[in-house]
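Enquirer: Data file coords.pdb (PDB, C-alpha atoms, pLDDT in the B column) is appended below.
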MODEL        1
ATOM      1  CA  MET R   9      28.550   8.752 199.186  1.00 45.00           C
ATOM      2  CA  GLY R  10      27.882  12.539 199.106  1.00 49.00           C
ATOM      3  CA  TYR R  11      27.493  14.955 202.006  1.00 44.00           C
ATOM      4  CA  PRO R  12      24.309  15.813 203.922  1.00 42.00           C
ATOM      5  CA  GLU R  13      22.518  19.035 203.003  1.00 48.00           C
ATOM      6  CA  GLY R  14      24.274  22.049 204.507  1.00 42.00           C
ATOM      7  CA  VAL R  15      27.621  20.282 204.978  1.00 40.00           C
ATOM      8  CA  SER R  16      30.308  21.647 202.712  1.00 54.00           C
ATOM      9  CA  GLY R  17      32.501  18.555 202.918  1.00 62.00           C
ATOM     10  CA  VAL R  18      35.958  18.430 201.487  1.00 79.00           C
ATOM     11  CA  ASN R  19      36.867  21.059 198.914  1.00 93.00           C
ATOM     12  CA  THR R  20      40.402  20.033 197.918  1.00 96.00           C
ATOM     13  CA  VAL R  21      42.143  16.663 198.061  1.00 97.00           C
ATOM     14  CA  THR R  22      45.812  16.221 197.211  1.00 98.00           C
ATOM     15  CA  VAL R  23      46.762  12.702 196.144  1.00 97.00           C
ATOM     16  CA  MET R  24      50.467  11.925 196.380  1.00 97.00           C
ATOM     17  CA  GLY R  25      51.167   9.115 193.917  1.00 95.00           C
ATOM     18  CA  LEU R  26      49.074   8.422 190.815  1.00 96.00           C
ATOM     19  CA  GLY R  27      49.692   4.724 190.304  1.00 91.00           C
ATOM     20  CA  LEU R  28      47.034   2.028 190.575  1.00 89.00           C
ATOM     21  CA  MET R  29      45.799   2.981 194.036  1.00 90.00           C
ATOM     22  CA  GLY R  30      46.186   6.760 193.839  1.00 92.00           C
ATOM     23  CA  GLY R  31      44.675   6.780 190.349  1.00 93.00           C
ATOM     24  CA  SER R  32      41.740   4.664 191.526  1.00 92.00           C
ATOM     25  CA  LEU R  33      41.118   7.059 194.405  1.00 92.00           C
ATOM     26  CA  CYS R  34      41.175  10.048 192.033  1.00 95.00           C
ATOM     27  CA  ARG R  35      38.652   8.310 189.756  1.00 92.00           C
ATOM     28  CA  ALA R  36      36.347   7.590 192.713  1.00 92.00           C
ATOM     29  CA  LEU R  37      36.592  11.168 193.988  1.00 94.00           C
ATOM     30  CA  LYS R  38      35.731  12.612 190.571  1.00 94.00           C
ATOM     31  CA  ALA R  39      32.752  10.247 190.260  1.00 93.00           C
ATOM     32  CA  GLU R  40      31.108  11.893 193.279  1.00 92.00           C
ATOM     33  CA  GLU R  41      27.980  13.994 192.738  1.00 91.00           C
ATOM     34  CA  ARG R  42      29.865  17.034 194.057  1.00 91.00           C
ATOM     35  CA  PRO R  43      33.509  16.122 193.489  1.00 94.00           C
ATOM     36  CA  PRO R  44      36.276  17.967 195.272  1.00 95.00           C
ATOM     37  CA  THR R  45      39.127  19.650 193.481  1.00 96.00           C
ATOM     38  CA  VAL R  46      41.758  16.937 193.094  1.00 97.00           C
ATOM     39  CA  LEU R  47      45.433  17.890 192.980  1.00 98.00           C
ATOM     40  CA  GLY R  48      47.685  15.080 191.757  1.00 97.00           C
ATOM     41  CA  VAL R  49      51.375  14.760 192.577  1.00 97.00           C
ATOM     42  CA  ASP R  50      53.685  12.124 191.087  1.00 96.00           C
ATOM     43  CA  SER R  51      57.336  12.117 190.069  1.00 94.00           C
ATOM     44  CA  ASP R  52      56.307  10.399 186.804  1.00 94.00           C
ATOM     45  CA  VAL R  53      55.053  13.155 184.493  1.00 95.00           C
ATOM     46  CA  THR R  54      53.591  10.562 182.109  1.00 94.00           C
ATOM     47  CA  ARG R  55      51.274   9.365 184.878  1.00 93.00           C
ATOM     48  CA  GLY R  56      50.349  12.950 185.611  1.00 95.00           C
ATOM     49  CA  ALA R  57      49.507  13.578 181.962  1.00 95.00           C
ATOM     50  CA  GLN R  58      47.365  10.418 181.914  1.00 94.00           C
ATOM     51  CA  ALA R  59      45.476  11.563 185.007  1.00 96.00           C
ATOM     52  CA  VAL R  60      44.852  15.027 183.566  1.00 96.00           C
ATOM     53  CA  LYS R  61      43.744  13.575 180.219  1.00 96.00           C
ATOM     54  CA  ALA R  62      41.386  11.174 182.020  1.00 95.00           C
ATOM     55  CA  GLY R  63      39.880  14.163 183.856  1.00 96.00           C
ATOM     56  CA  VAL R  64      40.524  12.708 187.317  1.00 95.00           C
ATOM     57  CA  VAL R  65      42.888  15.430 188.539  1.00 97.00           C
ATOM     58  CA  ASP R  66      42.260  19.138 188.189  1.00 97.00           C
ATOM     59  CA  GLU R  67      45.945  20.008 188.487  1.00 96.00           C
ATOM     60  CA  PHE R  68      49.124  17.958 188.297  1.00 97.00           C
ATOM     61  CA  SER R  69      52.644  18.623 189.553  1.00 94.00           C
ATOM     62  CA  PRO R  70      55.738  16.414 189.659  1.00 92.00           C
ATOM     63  CA  ASP R  71      56.494  17.772 193.145  1.00 89.00           C
ATOM     64  CA  ALA R  72      54.325  18.644 196.119  1.00 93.00           C
ATOM     65  CA  GLY R  73      54.923  22.397 195.965  1.00 86.00           C
ATOM     66  CA  ASP R  74      51.871  24.116 197.378  1.00 92.00           C
ATOM     67  CA  ALA R  75      49.541  21.176 196.626  1.00 96.00           C
ATOM     68  CA  VAL R  76      49.838  19.907 200.198  1.00 96.00           C
ATOM     69  CA  ALA R  77      49.296  23.379 201.655  1.00 95.00           C
ATOM     70  CA  ARG R  78      46.095  23.897 199.641  1.00 95.00           C
ATOM     71  CA  ALA R  79      44.479  20.590 200.619  1.00 96.00           C
ATOM     72  CA  ASP R  80      41.724  19.825 203.115  1.00 95.00           C
ATOM     73  CA  VAL R  81      42.839  16.186 202.852  1.00 96.00           C
ATOM     74  CA  VAL R  82      46.285  14.900 201.852  1.00 97.00           C
ATOM     75  CA  VAL R  83      46.376  11.250 200.788  1.00 97.00           C
ATOM     76  CA  TYR R  84      49.687   9.412 200.493  1.00 97.00           C
ATOM     77  CA  ALA R  85      49.351   6.666 197.876  1.00 94.00           C
ATOM     78  CA  THR R  86      53.038   5.820 197.888  1.00 94.00           C
ATOM     79  CA  PRO R  87      55.083   2.888 199.237  1.00 92.00           C
ATOM     80  CA  LEU R  88      55.768   2.792 202.981  1.00 94.00           C
ATOM     81  CA  GLY R  89      59.336   4.148 202.867  1.00 96.00           C
ATOM     82  CA  ALA R  90      58.389   6.989 200.548  1.00 96.00           C
ATOM     83  CA  THR R  91      55.325   7.811 202.636  1.00 96.00           C
ATOM     84  CA  LEU R  92      57.368   8.043 205.833  1.00 97.00           C
ATOM     85  CA  ALA R  93      59.869  10.369 204.144  1.00 97.00           C
ATOM     86  CA  LEU R  94      57.117  12.506 202.586  1.00 97.00           C
ATOM     87  CA  LEU R  95      55.254  12.844 205.892  1.00 96.00           C
ATOM     88  CA  ARG R  96      58.399  14.277 207.512  1.00 95.00           C
ATOM     89  CA  GLU R  97      59.075  16.508 204.505  1.00 95.00           C
ATOM     90  CA  HIS R  98      55.526  17.879 204.182  1.00 96.00           C
ATOM     91  CA  ALA R  99      54.440  18.227 207.827  1.00 95.00           C
ATOM     92  CA  ALA R 100      55.369  21.908 208.010  1.00 95.00           C
ATOM     93  CA  SER R 101      53.467  22.646 204.776  1.00 95.00           C
ATOM     94  CA  TRP R 102      50.038  21.165 205.585  1.00 96.00           C
ATOM     95  CA  SER R 103      47.273  23.597 206.437  1.00 92.00           C
ATOM     96  CA  ARG R 104      46.401  23.573 210.142  1.00 89.00           C
ATOM     97  CA  GLU R 105      43.035  21.900 209.480  1.00 89.00           C
ATOM     98  CA  ALA R 106      44.153  19.305 206.930  1.00 94.00           C
ATOM     99  CA  LEU R 107      43.350  15.649 207.471  1.00 95.00           C
ATOM    100  CA  ILE R 108      46.300  13.378 206.673  1.00 97.00           C
ATOM    101  CA  THR R 109      45.747   9.816 205.473  1.00 96.00           C
ATOM    102  CA  ASP R 110      47.372   7.111 203.395  1.00 95.00           C
ATOM    103  CA  LEU R 111      46.787   3.974 201.348  1.00 92.00           C
ATOM    104  CA  VAL R 112      49.719   2.034 202.817  1.00 91.00           C
ATOM    105  CA  SER R 113      48.803  -1.425 204.127  1.00 86.00           C
ATOM    106  CA  LEU R 114      51.257  -1.408 207.069  1.00 89.00           C
ATOM    107  CA  LYS R 115      50.054   1.036 209.755  1.00 91.00           C
ATOM    108  CA  ALA R 116      52.328   0.741 212.807  1.00 94.00           C
ATOM    109  CA  PRO R 117      55.242   2.760 211.341  1.00 96.00           C
ATOM    110  CA  LEU R 118      52.836   5.447 210.132  1.00 95.00           C
ATOM    111  CA  VAL R 119      51.026   5.724 213.462  1.00 96.00           C
ATOM    112  CA  GLN R 120      54.414   6.001 215.174  1.00 96.00           C
ATOM    113  CA  ALA R 121      55.526   8.698 212.695  1.00 96.00           C
ATOM    114  CA  ALA R 122      52.292  10.631 213.331  1.00 97.00           C
ATOM    115  CA  GLY R 123      52.942  10.530 217.076  1.00 96.00           C
ATOM    116  CA  VAL R 124      56.578  11.551 216.806  1.00 96.00           C
ATOM    117  CA  GLY R 125      55.748  14.194 214.200  1.00 95.00           C
ATOM    118  CA  GLY R 126      53.004  15.759 216.329  1.00 95.00           C
ATOM    119  CA  PHE R 127      50.136  15.168 213.903  1.00 96.00           C
ATOM    120  CA  ALA R 128      48.496  12.071 215.419  1.00 96.00           C
ATOM    121  CA  HIS R 129      45.368  14.143 216.159  1.00 95.00           C
ATOM    122  CA  ARG R 130      44.688  14.553 212.437  1.00 95.00           C
ATOM    123  CA  TYR R 131      46.127  11.383 210.972  1.00 96.00           C
ATOM    124  CA  VAL R 132      43.663   8.673 209.939  1.00 94.00           C
ATOM    125  CA  GLY R 133      45.173   5.503 208.554  1.00 90.00           C
ATOM    126  CA  ALA R 134      43.087   4.118 205.698  1.00 86.00           C
ATOM    127  CA  HIS R 135      42.965   0.718 204.074  1.00 74.00           C
ATOM    128  CA  PRO R 136      43.960   0.383 200.406  1.00 64.00           C
ATOM    129  CA  VAL R 137      40.728  -1.139 199.095  1.00 61.00           C
ATOM    130  CA  CYS R 138      41.828  -0.554 195.536  1.00 59.00           C
ATOM    131  CA  GLY R 139      44.689  -2.909 194.789  1.00 59.00           C
ATOM    132  CA  GLY R 140      45.009  -5.239 191.842  1.00 62.00           C
ATOM    133  CA  GLU R 141      47.336  -7.609 190.085  1.00 65.00           C
ATOM    134  CA  ALA R 142      48.583  -4.916 187.686  1.00 64.00           C
ATOM    135  CA  SER R 143      50.241  -1.620 188.534  1.00 65.00           C
ATOM    136  CA  GLY R 144      50.236   1.902 187.147  1.00 64.00           C
ATOM    137  CA  PHE R 145      47.637   4.584 186.474  1.00 62.00           C
ATOM    138  CA  GLU R 146      46.483   2.844 183.302  1.00 61.00           C
ATOM    139  CA  HIS R 147      45.098   0.004 185.435  1.00 53.00           C
ATOM    140  CA  SER R 148      43.305   2.262 187.944  1.00 64.00           C
ATOM    141  CA  ARG R 149      39.545   2.059 188.225  1.00 63.00           C
ATOM    142  CA  GLU R 150      36.806   3.845 190.106  1.00 68.00           C
TER     143      GLU R 150
ENDMDL
END
Here is a file; write its structure as structure tokens.

Expert:
Amino acid sequence: MGYPEGVSGVNTVTVMGLGLMGGSLCRALKAEERPPTVLGVDSDVTRGAQAVKAGVVDEFSPDAGDAVARADVVVYATPLGATLALLREHAASWSREALITDLVSLKAPLVQAAGVGGFAHRYVGAHPVCGGEASGFEHSRE
């Protein structure tokens, strides 16, 4: 993938949720030639420890804290209901330039939330191309 010469790209990515999909995204990001700093957030500290040990997150926290404020890109790899709640909770904390995206398969509620929340101009719905029959960080793959 990589960035063209002279383009700085993304410096910091915060991934909310370190299960199968979030963990797979972290692995793919860290496999880049010039990987960004990856901040992992998950309420399960065991998952966070696994991600740190695997070297796919640079920092882990069980709550968003300043991880969303420090990010160039914030990725929500959480179920739909949790993502909707987190978007409302974090909107005031994102940096003004941050791109907001998700790995939720159902987009209409998220697009509506982005419009109502005033961040539609920087929300990009993504497709979760990293699912599998198993769940959890231990089953994530690049």

Enquirer: So, with all atoms listed in the file as the atoms that count, which of R:Val119, R:Leu94, R:Ala39, R:Ile108 lies closest to Ala72 (chain R)?

Expert: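 Of the candidates, the smallest distance to Ala72 (chain R) is held by R:Leu94.
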
Enquirer: Calculate how many Å separate CA of Gly56 (chain R) from CA of Leu118 (chain R), rounding to one decimal.

Expert: 25.8 Å

Enquirer: What does the distance between CA of Val112 (chain R) and CA of Gly133 (chain R) come to in Å, to one decimal place?

Expert: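 One can read the CA of Val112 (chain R) to CA of Gly133 (chain R) distance as 8.1 Å.
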
Enquirer: How would you write as a PDB file with C-alpha atoms, in the frame of the given file the residues that get within 12 Å of (60.0, 12.2, 200.4) in the file's frame, counting all atoms listed in the file?

Expert:
ATOM      1  CA  MET R  24      50.467  11.925 196.380  1.00 97.00           C
ATOM      2  CA  GLY R  25      51.167   9.115 193.917  1.00 95.00           C
ATOM      3  CA  VAL R  49      51.375  14.760 192.577  1.00 97.00           C
ATOM      4  CA  ASP R  50      53.685  12.124 191.087  1.00 96.00           C
ATOM      5  CA  SER R  51      57.336  12.117 190.069  1.00 94.00           C
ATOM      6  CA  ASP R  71      56.494  17.772 193.145  1.00 89.00           C
ATOM      7  CA  ALA R  72      54.325  18.644 196.119  1.00 93.00           C
ATOM      8  CA  TYR R  84      49.687   9.412 200.493  1.00 97.00           C
ATOM      9  CA  THR R  86      53.038   5.820 197.888  1.00 94.00           C
ATOM     10  CA  PRO R  87      55.083   2.888 199.237  1.00 92.00           C
ATOM     11  CA  LEU R  88      55.768   2.792 202.981  1.00 94.00           C
ATOM     12  CA  GLY R  89      59.336   4.148 202.867  1.00 96.00           C
ATOM     13  CA  ALA R  90      58.389   6.989 200.548  1.00 96.00           C
ATOM     14  CA  THR R  91      55.325   7.811 202.636  1.00 96.00           C
ATOM     15  CA  LEU R  92      57.368   8.043 205.833  1.00 97.00           C
ATOM     16  CA  ALA R  93      59.869  10.369 204.144  1.00 97.00           C
ATOM     17  CA  LEU R  94      57.117  12.506 202.586  1.00 97.00           C
ATOM     18  CA  LEU R  95      55.254  12.844 205.892  1.00 96.00           C
ATOM     19  CA  ARG R  96      58.399  14.277 207.512  1.00 95.00           C
ATOM     20  CA  GLU R  97      59.075  16.508 204.505  1.00 95.00           C
ATOM     21  CA  HIS R  98      55.526  17.879 204.182  1.00 96.00           C
ATOM     22  CA  ALA R  99      54.440  18.227 207.827  1.00 95.00           C
TER      23      ALA R  99
END

Enquirer: Please write as a list in words the full residue list that the PyMOL selection byres ((chain R and resi 78) around 10) yields on this file.

Expert: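 Selected by the PyMOL selection byres ((chain R and resi 78) around 10) in this file: Asn19, Thr20, Val21, Thr22, Leu47, Gly73, Asp74, Ala75, Val76, Ala77, Ala79, Asp80, Val81, Val82, Ser101, Trp102, Ser103 and Ala106 of chain R.
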
Enquirer: Fewer than 2 positions away in the same chain doesn't count, so skip those; otherwise give me all residues within 9 Å of Gly30 (chain R), counting only C-alpha atoms, as a list of chain:residue names.

Expert: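 Counting only C-alpha atoms, the residues come to R:Val23, R:Met24, R:Gly25, R:Leu26, R:Gly27, R:Leu28, R:Ser32, R:Leu33, R:Cys34, R:Arg35, R:Gly48, R:Val83, R:Tyr84, R:Ala85, R:Thr86, R:Leu111, R:Cys138, R:Phe145, R:Ser148.
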
Enquirer: Using only C-alpha atoms, which residue out of R:Val53, R:Tyr131, R:Pro70, R:Ser113 lies closest to Met29 (chain R)?

Expert: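 Distance minimum relative to Met29 (chain R) lands on R:Ser113.
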
Enquirer: Between R:Ala122, R:Val18, R:Leu114, R:Val64, which one has atoms that come closest to Ala134 (chain R), using only C-alpha atoms?

Expert: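 That would be R:Leu114, the residue with the smallest distance to Ala134 (chain R).
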
Enquirer: Hey, which of R:Thr54, R:Gly31, R:Val46, R:Leu107 ends up closest to Glu67 (chain R)? Count only C-alpha atoms.

Expert: R:Val46

Enquirer: Let me make sure I understand: among R:Thr45, R:Thr109, R:Ala57, R:Lys38, which one has the smallest atom-to-atom distance to His135 (chain R) if we use all atoms listed in the file?

Expert: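 So, comparing all the options, the nearest one is R:Thr109.
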
Enquirer: To one decimal place in Å, what is the distance between CA of Arg104 (chain R) and CA of Pro44 (chain R)?

Expert: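 Value for the CA of Arg104 (chain R)-CA of Pro44 (chain R) distance: 18.8 Å.
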
Enquirer: If I only want region 34-109 of chain R, can you write it with C-alpha atoms, as a PDB file, in the first residue's frame?

Expert:
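Below is the file part_37.pdb, written as the result:
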ATOM      1  CA  CYS R  34      -3.848  -3.467  13.616  1.00  0.00           C
ATOM      2  CA  ARG R  35      -1.788  -6.332  12.160  1.00  0.00           C
ATOM      3  CA  ALA R  36      -2.236  -4.971   8.621  1.00  0.00           C
ATOM      4  CA  LEU R  37      -1.299  -1.437   9.683  1.00  0.00           C
ATOM      5  CA  LYS R  38       1.878  -2.630  11.412  1.00  0.00           C
ATOM      6  CA  ALA R  39       2.848  -4.678   8.341  1.00  0.00           C
ATOM      7  CA  GLU R  40       3.116  -1.485   6.275  1.00  0.00           C
ATOM      8  CA  GLU R  41       6.558  -0.336   5.125  1.00  0.00           C
ATOM      9  CA  ARG R  42       6.104   2.859   7.154  1.00  0.00           C
ATOM     10  CA  PRO R  43       3.525   1.881   9.767  1.00  0.00           C
ATOM     11  CA  PRO R  44       1.627   4.506  11.704  1.00  0.00           C
ATOM     12  CA  THR R  45       1.554   4.651  15.464  1.00  0.00           C
ATOM     13  CA  VAL R  46      -1.354   2.418  16.458  1.00  0.00           C
ATOM     14  CA  LEU R  47      -3.266   3.140  19.660  1.00  0.00           C
ATOM     15  CA  GLY R  48      -5.511   0.274  20.759  1.00  0.00           C
ATOM     16  CA  VAL R  49      -8.585   0.659  22.948  1.00  0.00           C
ATOM     17  CA  ASP R  50     -10.635  -2.252  24.301  1.00  0.00           C
ATOM     18  CA  SER R  51     -12.517  -2.847  27.537  1.00  0.00           C
ATOM     19  CA  ASP R  52     -10.901  -6.316  27.708  1.00  0.00           C
ATOM     20  CA  VAL R  53      -7.409  -5.801  29.139  1.00  0.00           C
ATOM     21  CA  THR R  54      -6.429  -9.355  28.162  1.00  0.00           C
ATOM     22  CA  ARG R  55      -7.004  -8.478  24.505  1.00  0.00           C
ATOM     23  CA  GLY R  56      -4.986  -5.323  24.978  1.00  0.00           C
ATOM     24  CA  ALA R  57      -2.105  -7.280  26.490  1.00  0.00           C
ATOM     25  CA  GLN R  58      -2.239  -9.732  23.566  1.00  0.00           C
ATOM     26  CA  ALA R  59      -2.100  -6.872  21.066  1.00  0.00           C
ATOM     27  CA  VAL R  60       0.851  -5.238  22.824  1.00  0.00           C
ATOM     28  CA  LYS R  61       2.697  -8.563  23.092  1.00  0.00           C
ATOM     29  CA  ALA R  62       2.075  -9.229  19.386  1.00  0.00           C
ATOM     30  CA  GLY R  63       3.576  -5.806  18.605  1.00  0.00           C
ATOM     31  CA  VAL R  64       0.513  -4.598  16.687  1.00  0.00           C
ATOM     32  CA  VAL R  65      -0.367  -1.696  18.987  1.00  0.00           C
ATOM     33  CA  ASP R  66       2.110   0.843  20.287  1.00  0.00           C
ATOM     34  CA  GLU R  67      -0.076   1.775  23.250  1.00  0.00           C
ATOM     35  CA  PHE R  68      -3.124   0.182  24.835  1.00  0.00           C
ATOM     36  CA  SER R  69      -5.829   1.590  27.097  1.00  0.00           C
ATOM     37  CA  PRO R  70      -9.064   0.072  28.398  1.00  0.00           C
ATOM     38  CA  ASP R  71     -10.799   3.410  27.757  1.00  0.00           C
ATOM     39  CA  ALA R  72     -10.545   5.979  24.993  1.00  0.00           C
ATOM     40  CA  GLY R  73      -8.972   8.709  27.124  1.00  0.00           C
ATOM     41  CA  ASP R  74      -6.847  10.863  24.866  1.00  0.00           C
ATOM     42  CA  ALA R  75      -6.357   8.107  22.257  1.00  0.00           C
ATOM     43  CA  VAL R  76      -9.155   9.520  20.104  1.00  0.00           C
ATOM     44  CA  ALA R  77      -7.846  13.076  20.442  1.00  0.00           C
ATOM     45  CA  ARG R  78      -4.343  12.063  19.313  1.00  0.00           C
ATOM     46  CA  ALA R  79      -5.465  10.191  16.193  1.00  0.00           C
ATOM     47  CA  ASP R  80      -5.381  11.203  12.536  1.00  0.00           C
ATOM     48  CA  VAL R  81      -7.812   8.323  11.942  1.00  0.00           C
ATOM     49  CA  VAL R  82     -10.209   6.774  14.467  1.00  0.00           C
ATOM     50  CA  VAL R  83     -11.522   3.334  13.517  1.00  0.00           C
ATOM     51  CA  TYR R  84     -14.495   1.834  15.344  1.00  0.00           C
ATOM     52  CA  ALA R  85     -14.215  -1.963  15.258  1.00  0.00           C
ATOM     53  CA  THR R  86     -17.108  -2.507  17.634  1.00  0.00           C
ATOM     54  CA  PRO R  87     -20.689  -3.771  17.208  1.00  0.00           C
ATOM     55  CA  LEU R  88     -23.249  -1.355  15.759  1.00  0.00           C
ATOM     56  CA  GLY R  89     -24.887  -0.333  19.054  1.00  0.00           C
ATOM     57  CA  ALA R  90     -21.552   0.247  20.754  1.00  0.00           C
ATOM     58  CA  THR R  91     -20.239   2.174  17.756  1.00  0.00           C
ATOM     59  CA  LEU R  92     -23.242   4.506  17.739  1.00  0.00           C
ATOM     60  CA  ALA R  93     -22.814   5.192  21.462  1.00  0.00           C
ATOM     61  CA  LEU R  94     -19.047   5.706  21.128  1.00  0.00           C
ATOM     62  CA  LEU R  95     -19.448   8.101  18.192  1.00  0.00           C
ATOM     63  CA  ARG R  96     -21.717  10.317  20.316  1.00  0.00           C
ATOM     64  CA  GLU R  97     -19.394  10.020  23.316  1.00  0.00           C
ATOM     65  CA  HIS R  98     -16.158  10.757  21.428  1.00  0.00           C
ATOM     66  CA  ALA R  99     -17.260  13.401  18.901  1.00  0.00           C
ATOM     67  CA  ALA R 100     -16.129  16.305  21.076  1.00  0.00           C
ATOM     68  CA  SER R 101     -12.713  14.681  21.633  1.00  0.00           C
ATOM     69  CA  TRP R 102     -11.613  14.027  18.032  1.00  0.00           C
ATOM     70  CA  SER R 103      -9.012  16.352  16.580  1.00  0.00           C
ATOM     71  CA  ARG R 104     -10.476  18.761  14.022  1.00  0.00           C
ATOM     72  CA  GLU R 105      -8.707  16.993  11.139  1.00  0.00           C
ATOM     73  CA  ALA R 106      -9.358  13.386  12.167  1.00  0.00           C
ATOM     74  CA  LEU R 107     -10.959  10.981   9.725  1.00  0.00           C
ATOM     75  CA  ILE R 108     -13.632   8.815  11.356  1.00  0.00           C
ATOM     76  CA  THR R 109     -14.395   5.338  10.033  1.00  0.00           C
TER      77      THR R 109
END
